[in-house]
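Novice: Contents of entry-v4.csv (CSV, C-alpha atoms and all ligand atoms) are given next:
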```csv
chain,number,residue,atom,x,y,z
A,198,MET,CA,178.7,115.6,87.6
A,199,PRO,CA,177.2,114.6,84.2
A,200,CYS,CA,174.1,112.4,84.5
A,201,HIS,CA,175.5,109.6,82.3
A,202,PHE,CA,178.6,109.4,84.5
A,203,ILE,CA,176.5,109.0,87.6
A,204,MET,CA,174.5,106.2,85.9
A,205,TYR,CA,177.8,104.6,84.9
A,206,LEU,CA,179.1,104.7,88.5
A,207,THR,CA,175.7,103.3,89.7
A,208,LEU,CA,175.9,100.4,87.3
A,209,ILE,CA,179.5,99.6,88.4
A,210,ALA,CA,178.5,99.8,92.0
A,211,SER,CA,175.5,97.5,91.3
A,212,THR,CA,177.7,95.0,89.5
A,213,ILE,CA,180.4,95.0,92.2
A,214,SER,CA,177.6,94.4,94.8
A,215,CYS,CA,176.3,91.5,92.8
A,216,ILE,CA,179.8,90.0,92.4
A,217,GLN,CA,180.2,89.9,96.1
A,218,ILE,CA,177.1,87.9,96.7
A,219,ASP,CA,176.1,86.3,93.4
A,220,ALA,CA,178.3,84.9,90.8
A,221,ARG,CA,175.9,85.8,87.9
A,222,PRO,CA,175.5,89.5,87.9
A,223,PHE,CA,175.3,89.6,84.1
A,224,ARG,CA,171.8,88.2,84.3
A,225,VAL,CA,170.6,91.5,85.8
A,226,PHE,CA,171.0,93.0,82.3
A,227,GLN,CA,169.1,90.3,80.5
A,228,VAL,CA,165.6,91.4,81.6
A,229,PRO,CA,164.1,94.8,80.9
A,230,HIS,CA,165.0,97.3,83.6
A,231,GLY,CA,166.8,94.6,85.6
A,232,ASN,CA,169.3,97.2,86.8
A,233,ILE,CA,166.6,98.9,88.9
A,234,ARG,CA,166.5,96.2,91.6
A,235,SER,CA,169.7,94.5,90.6
A,236,CYS,CA,170.0,91.0,92.2
A,237,GLN,CA,166.6,91.4,93.9
A,238,THR,CA,164.9,91.3,90.6
A,239,CYS,CA,165.1,87.5,90.9
A,240,HIS,CA,166.2,86.8,94.5
A,241,VAL,CA,164.4,87.4,97.8
A,242,GLU,CA,167.7,88.4,99.2
A,243,PRO,CA,170.8,89.0,97.0
A,244,GLY,CA,172.4,85.7,96.5
A,245,GLY,CA,169.7,83.9,98.4
A,246,ASP,CA,166.4,82.1,97.5
A,247,ARG,CA,164.7,83.1,94.3
A,248,ASN,CA,161.5,85.0,94.4
A,249,PRO,CA,158.6,83.8,92.2
A,250,PHE,CA,159.9,85.6,89.1
A,251,GLY,CA,163.4,84.1,89.6
A,252,GLN,CA,161.8,80.7,90.1
A,253,ASP,CA,160.0,80.9,86.8
A,254,ILE,CA,163.2,81.9,85.1
A,255,GLU,CA,165.2,79.1,86.7
A,256,ARG,CA,162.5,76.6,85.7
A,257,LEU,CA,162.1,77.4,82.1
A,258,TYR,CA,163.9,80.5,80.9
A,259,LEU,CA,167.6,79.8,81.2
A,260,THR,CA,169.8,78.7,78.3
A,261,SER,CA,171.5,76.4,80.9
A,262,ARG,CA,171.3,76.2,84.7
A,263,ASP,CA,175.0,76.3,85.2
A,264,ILE,CA,176.9,79.5,85.9
A,265,ASP,CA,177.1,80.5,82.2
A,266,GLY,CA,173.3,80.2,81.6
A,267,ASP,CA,171.6,83.3,80.1
A,268,VAL,CA,168.1,84.5,80.8
A,269,LEU,CA,165.7,84.1,77.9
A,270,TRP,CA,163.5,87.2,78.0
A,271,THR,CA,160.7,86.1,75.6
A,272,LEU,CA,157.0,86.8,75.1
A,273,ALA,CA,156.1,83.6,77.0
A,274,LEU,CA,158.0,84.9,80.1
A,275,ALA,CA,156.6,88.4,79.6
A,276,LEU,CA,153.0,87.0,79.6
A,277,LEU,CA,153.5,85.1,82.9
A,278,ASP,CA,152.3,86.7,86.1
A,279,SER,CA,155.0,85.2,88.3
A,280,ASP,CA,154.0,86.8,91.6
A,281,GLY,CA,150.2,86.5,91.0
A,282,ASP,CA,149.4,90.2,91.4
A,283,GLY,CA,147.3,90.5,88.2
A,284,PHE,CA,150.0,92.0,86.1
A,285,THR,CA,152.2,90.1,83.8
A,286,ASN,CA,156.0,90.2,84.1
A,287,GLY,CA,156.2,92.2,80.9
A,288,GLU,CA,153.7,94.8,82.2
A,289,GLU,CA,155.6,95.2,85.4
A,290,LEU,CA,158.9,95.6,83.5
A,291,GLN,CA,157.5,97.9,80.8
A,292,ASP,CA,157.7,95.4,78.0
A,293,ALA,CA,154.3,93.7,77.7
A,294,SER,CA,155.1,92.4,74.3
A,295,GLY,CA,158.3,90.7,75.3
A,296,ARG,CA,160.1,92.2,72.3
A,297,TRP,CA,163.0,93.8,74.2
A,298,LYS,CA,166.4,92.2,73.6
A,299,PRO,CA,169.5,92.6,75.8
A,300,LEU,CA,171.8,95.5,74.8
A,301,ASN,CA,168.8,97.4,73.3
A,302,PRO,CA,167.6,100.5,75.1
A,303,PHE,CA,165.2,99.7,78.0
A,304,PRO,CA,161.6,99.9,76.8
A,305,GLY,CA,158.7,101.9,78.2
A,306,ASP,CA,158.8,104.3,81.2
A,307,THR,CA,161.3,103.6,83.9
A,308,ALA,CA,159.2,105.4,86.4
A,309,LEU,CA,156.4,102.8,86.0
A,310,VAL,CA,158.5,99.7,86.5
A,311,THR,CA,157.3,97.5,89.4
A,312,HIS,CA,158.6,94.3,90.9
A,313,PRO,CA,157.7,91.1,89.0
A,314,GLY,CA,158.7,88.9,91.9
A,315,ASP,CA,156.8,90.8,94.7
A,316,ALA,CA,152.9,90.7,94.7
A,317,ARG,CA,152.8,93.8,96.9
A,318,ASP,CA,154.3,95.9,94.1
A,319,TYR,CA,152.3,96.4,90.9
A,320,PRO,CA,151.8,99.1,88.4
A,321,ALA,CA,149.1,101.8,88.8
A,322,ARG,CA,148.7,101.7,85.1
A,323,VAL,CA,150.0,99.8,82.1
A,324,PHE,CA,151.1,102.3,79.5
A,325,CYS,CA,151.1,102.1,75.8
A,326,GLU,CA,152.8,99.2,74.1
A,327,LEU,CA,154.2,101.0,71.1
A,328,GLN,CA,154.6,99.6,67.6
A,329,ALA,CA,155.1,102.9,65.8
A,330,ASP,CA,155.0,102.7,62.0
A,331,LEU,CA,153.6,104.8,59.3
A,332,ALA,CA,149.9,105.1,59.4
A,333,THR,CA,147.6,107.3,57.3
A,334,VAL,CA,144.3,107.1,59.2
A,335,PHE,CA,142.9,107.4,62.7
A,336,SER,CA,141.3,104.1,63.5
A,337,LEU,CA,140.2,102.2,66.6
A,338,THR,CA,140.6,98.9,64.8
A,339,GLY,CA,139.2,96.6,67.5
A,340,ASN,CA,140.4,94.1,70.0
A,341,TYR,CA,141.3,90.5,70.0
A,342,PRO,CA,140.2,88.2,71.3
A,343,ASN,CA,136.7,89.6,71.7
A,344,PRO,CA,134.9,88.3,73.7
A,345,PHE,CA,137.8,87.7,76.0
A,346,LEU,CA,138.3,85.8,79.3
A,347,ARG,CA,141.5,87.1,80.9
A,348,SER,CA,143.0,89.8,78.7
A,349,THR,CA,142.6,91.3,75.3
A,350,PHE,CA,144.7,93.4,72.9
A,351,ILE,CA,143.3,96.7,71.6
A,352,GLU,CA,144.7,97.9,68.2
A,353,PHE,CA,144.5,101.4,66.8
A,354,SER,CA,146.3,103.7,64.4
A,355,LEU,CA,147.0,107.4,64.6
A,356,ALA,CA,147.4,109.5,61.5
A,357,GLU,CA,149.0,112.4,63.4
A,358,HIS,CA,151.1,113.0,66.4
A,359,GLY,CA,149.1,114.1,69.5
A,360,ILE,CA,147.9,113.6,73.0
A,361,THR,CA,146.0,110.3,73.1
A,362,THR,CA,143.8,108.7,75.6
A,363,LEU,CA,142.5,105.1,75.6
A,364,ASP,CA,139.7,104.4,78.1
A,365,ILE,CA,137.3,101.6,79.1
A,366,PHE,CA,133.8,102.6,80.1
A,367,ASN,CA,131.0,100.5,81.5
A,368,LEU,CA,127.5,100.8,79.9
A,369,ALA,CA,126.5,103.4,82.6
A,370,GLY,CA,129.2,105.7,81.1
A,371,ILE,CA,131.5,105.4,84.1
A,372,ARG,CA,135.2,105.1,83.2
A,373,VAL,CA,136.6,102.0,84.8
A,374,ARG,CA,140.1,102.0,83.3
A,375,ARG,CA,142.4,104.5,81.7
A,376,LEU,CA,144.8,102.4,79.6
A,377,ALA,CA,146.8,105.2,78.1
A,378,GLU,CA,147.2,108.9,78.4
A,379,CYS,CA,150.3,110.0,76.5
A,380,GLU,CA,151.7,111.8,73.6
A,381,LEU,CA,152.0,109.5,70.6
A,382,SER,CA,153.4,109.8,67.1
A,383,ALA,CA,151.5,108.7,64.0
A,384,GLY,CA,151.7,104.9,63.9
A,385,TYR,CA,150.1,101.6,64.7
A,386,TYR,CA,149.7,100.6,68.4
A,387,THR,CA,148.6,97.7,70.5
A,388,VAL,CA,147.6,98.0,74.1
A,389,LYS,CA,146.7,95.2,76.4
A,390,TRP,CA,143.8,95.3,78.8
A,391,ASN,CA,143.8,92.6,81.5
A,392,GLY,CA,140.2,93.2,82.6
A,393,HIS,CA,141.2,95.2,85.7
A,394,ASP,CA,140.0,98.6,86.7
A,395,ASP,CA,142.2,101.5,87.8
A,396,GLU,CA,142.3,100.2,91.3
A,397,GLY,CA,143.6,96.8,90.1
A,398,ARG,CA,140.4,94.9,90.7
A,399,ARG,CA,139.0,92.6,88.1
A,400,VAL,CA,135.8,94.1,86.6
A,401,ALA,CA,132.5,92.2,86.4
A,402,PRO,CA,132.0,90.2,83.2
A,403,GLY,CA,129.9,92.0,80.6
A,404,VAL,CA,129.9,94.6,77.9
A,405,TYR,CA,132.2,97.6,78.0
A,406,LEU,CA,133.0,100.4,75.6
A,407,CYS,CA,136.6,101.1,74.6
A,408,GLN,CA,137.2,104.8,73.6
A,409,LEU,CA,140.2,106.2,71.7
A,410,ALA,CA,140.5,109.9,71.6
A,411,SER,CA,143.4,111.6,69.7
A,412,GLY,CA,143.4,115.0,68.0
A,413,PRO,CA,140.2,115.3,65.9
A,414,TYR,CA,139.4,111.6,66.3
A,415,VAL,CA,137.1,109.8,68.7
A,416,GLY,CA,136.4,106.1,68.2
A,417,ILE,CA,134.4,103.7,70.3
A,418,ARG,CA,134.3,99.9,70.2
A,419,ARG,CA,132.4,97.3,72.2
A,420,VAL,CA,134.5,95.0,74.3
A,421,VAL,CA,133.0,91.9,75.9
A,422,MET,CA,134.5,90.2,78.9
A,423,MET,CA,133.2,86.6,79.5
A,424,ARG,CA,132.4,85.1,82.8
A,501,CA,CA,154.6,92.6,91.2
```
Step by step, read the file and then write its structure as structure tokens.

Specialist:
Amino acid sequence: MPCHFIMYLTLIASTISCIQIDARPFRVFQVPHGNIRSCQTCHVEPGGDRNPFGQDIERLYLTSRDIDGDVLWTLALALLDSDGDGFTNGEELQDASGRWKPLNPFPGDTALVTHPGDARDYPARVFCELQADLATVFSLTGNYPNPFLRSTFIEFSLAEHGITTLDIFNLAGIRVRRLAECELSAGYYTVKWNGHDDEGRRVAPGVYLCQLASGPYVGIRRVVMMR
């Protein structure tokens, strides 16, 4: 059976399941990758109480709270950490920038999606936030804000397509976080670092080195996390 047909059947089954227990199944398709957990994206149990992500949406991100209200997936909602696990809703749903719009293809990597309403489920790694556009030079432009308190955005450009890594090292030369390891096209990119190491623990305040390696290019910048 063709893959797209199986996906179609899955979506129909998901929608029918929602209809039986929740009168607003269309909202599932108004957040990135909302089809993965269907109604449980926002509810503890389908049709039941809302989880922390669903509570935030109900509080501020519905066009109206009646049955016709649509979910507003915005940068503000993407930047919230609804379940308090150290990762923003956007990071968990593979759209850290909050740029995705309903009906567009889902962003990022489906395999990395985690639950924005369940603090026990969080991503092992936040992958590249892509803003591909024409670029003519390799450059690790820097990060903003710097110094930073909670999170910082690292900007770079690639002149050529290639395997790219973006890492954070401490001053002892030990890698604390791999932010990206992927194949990227030439373009401009922004990747967010939330000050956590690869184990999800917040690193100690201080000076770190951010290293970009892609093709012939290696660039290093100082990144300072405040206390
Ligand atoms: Ca989570």

Novice: Using all atoms listed in the file, which of A:Tyr414, A:Phe284, A:Tyr405, A:Phe223 sits nearest ligand CA 501 (chain A)?

Specialist: A:Phe284

Novice: Report the distance between CA of Gly244 in chain A and CA of Ala293 in chain A in Å, rounded to one decimal place.

Specialist: 27.3 Å

Novice: With 7 Å as the cut-off and all atoms listed in the file counted, what is the closest atom pair between each nearby residue of chain A and ligand CA 501 (chain A)? Distances in Å to one decimal, ordered by chain and number, as a tab-separated table.

Specialist:
```
residue	atom	partner	partner_atom	distance
A:Asp280	CA	A:CA501	CA	5.8
A:Asp282	CA	A:CA501	CA	5.7
A:Phe284	CA	A:CA501	CA	6.9
A:Glu289	CA	A:CA501	CA	6.4
A:Thr311	CA	A:CA501	CA	5.9
A:His312	CA	A:CA501	CA	4.4
A:Pro313	CA	A:CA501	CA	4.1
A:Gly314	CA	A:CA501	CA	5.6
A:Asp315	CA	A:CA501	CA	4.5
A:Ala316	CA	A:CA501	CA	4.3
A:Arg317	CA	A:CA501	CA	6.1
A:Asp318	CA	A:CA501	CA	4.4
A:Tyr319	CA	A:CA501	CA	4.5
```

Novice: Now that the selection is made, can you save its residues with C-alpha atoms as a short mmCIF file (atom, residue, chain, number, x, y, z; two decimals), in the frame of the given file?

Specialist:
```cif
data_model
loop_
_atom_site.label_atom_id
_atom_site.label_comp_id
_atom_site.auth_asym_id
_atom_site.auth_seq_id
_atom_site.Cartn_x
_atom_site.Cartn_y
_atom_site.Cartn_z
CA ASP A 280 154.00 86.80 91.60
CA ASP A 282 149.40 90.20 91.40
CA PHE A 284 150.00 92.00 86.10
CA GLU A 289 155.60 95.20 85.40
CA THR A 311 157.30 97.50 89.40
CA HIS A 312 158.60 94.30 90.90
CA PRO A 313 157.70 91.10 89.00
CA GLY A 314 158.70 88.90 91.90
CA ASP A 315 156.80 90.80 94.70
CA ALA A 316 152.90 90.70 94.70
CA ARG A 317 152.80 93.80 96.90
CA ASP A 318 154.30 95.90 94.10
CA TYR A 319 152.30 96.40 90.90
#
```

Novice: Can you pull out every residue within 8 Å of Leu277 in chain A, counting all atoms listed in the file, but drop anything in the same chain fewer than 5 positions away, and send it as number ranges by chain?

Specialist: A: 285-287

Novice: Considering only C-alpha atoms, can you say which of A:Ala383, A:Ala356, A:Leu274, A:Leu337 comes closest to Ile417 in chain A?

Specialist: A:Leu337

Novice: For CA of Arg256 in chain A and CA of Thr271 in chain A, quote the distance in Å rounded to one decimal.

Specialist: 14.0 Å

Novice: Quote the spacing between CA of Leu290 in chain A and CA of Leu331 in chain A in Å to one decimal place.

Specialist: 26.4 Å

Novice: Using all atoms listed in the file, which residue out of A:Ser294, A:Asn301, A:Ser411, A:Ser235 lies closest to Asp364 in chain A?

Specialist: A:Ser411

Novice: Can you list, as a PDB file with C-alpha atoms, in the frame of the given file, every protein, DNA or RNA residue that comes within 9 Å of Val404 in chain A when you count all atoms listed in the file, leaving out same-chain residues fewer than 3 positions away?

Specialist:
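Contents of result.pdb, as written:
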```pdb
ATOM      1  CA  ASN A 367     131.000 100.500  81.500  1.00  0.00           C
ATOM      2  CA  LEU A 368     127.500 100.800  79.900  1.00  0.00           C
ATOM      3  CA  ARG A 419     132.400  97.300  72.200  1.00  0.00           C
ATOM      4  CA  VAL A 420     134.500  95.000  74.300  1.00  0.00           C
ATOM      5  CA  VAL A 421     133.000  91.900  75.900  1.00  0.00           C
ATOM      6  CA  MET A 422     134.500  90.200  78.900  1.00  0.00           C
ATOM      7  CA  MET A 423     133.200  86.600  79.500  1.00  0.00           C
TER       8      MET A 423
END
```

Novice: Counting all atoms listed in the file, find the residues whose atoms lie at most 6 Å from (166.8, 82.1, 92.7) (file coordinates) and write them out as a PyMOL selection string.

Specialist: chain A and resi 239-240+246-247+251-252

Novice: Tell me which of A:Ala273, A:Leu363, A:Val388, A:Leu355 sits closest to Val334 in chain A, counting all atoms listed in the file.

Specialist: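 Using all atoms listed in the file, Val334 in chain A sits closest to A:Leu355.
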
Novice: Please determine, counting only C-alpha atoms, which residue among A:Asn391, A:Ala410, A:Ser354, A:Ala401 has the shortest atom-to-atom distance to Cys379 in chain A.

Specialist: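 Distance minimum relative to Cys379 in chain A lands on A:Ala410.
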
Novice: Which residues come within 10 Å of Arg347 in chain A, counting all atoms listed in the file, excluding same-chain residues fewer than 4 positions away, as a ChimeraX atom specification?

Specialist: /A:283,342,390-393,399,422-424

Novice: Let me see the file: selected residues, C-alpha atoms, as a PDB file, in the frame of the given file.

Specialist:
```pdb
ATOM      1  CA  GLY A 283     147.300  90.500  88.200  1.00  0.00           C
ATOM      2  CA  PRO A 342     140.200  88.200  71.300  1.00  0.00           C
ATOM      3  CA  TRP A 390     143.800  95.300  78.800  1.00  0.00           C
ATOM      4  CA  ASN A 391     143.800  92.600  81.500  1.00  0.00           C
ATOM      5  CA  GLY A 392     140.200  93.200  82.600  1.00  0.00           C
ATOM      6  CA  HIS A 393     141.200  95.200  85.700  1.00  0.00           C
ATOM      7  CA  ARG A 399     139.000  92.600  88.100  1.00  0.00           C
ATOM      8  CA  MET A 422     134.500  90.200  78.900  1.00  0.00           C
ATOM      9  CA  MET A 423     133.200  86.600  79.500  1.00  0.00           C
ATOM     10  CA  ARG A 424     132.400  85.100  82.800  1.00  0.00           C
TER      11      ARG A 424
END
```

Novice: If we count only C-alpha atoms and set the cut-off at 12 Å, which residues sit around Pro299 in chain A, ignoring sequence neighbours fewer than 3 positions away in its own chain? Please answer as an NGL selection string.

Specialist: :A and (223-232 or 267-271 or 295-296 or 302-304)

Novice: Can you pull out the residues contacting Ile371 in chain A? Cut-off 12 Å, using all atoms listed in the file, and skip same-chain residues under 4 positions away; I want them as an NGL selection string.

Specialist: :A and (364-367 or 375 or 394-395 or 405-408)

Novice: Would you mind telling me which residue in A:Ser279, A:Thr338, A:Ser261, A:Ser382 lies nearest to Gly359 in chain A when using all atoms listed in the file?

Specialist: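 Closest to Gly359 in chain A, using all atoms listed in the file: A:Ser382.
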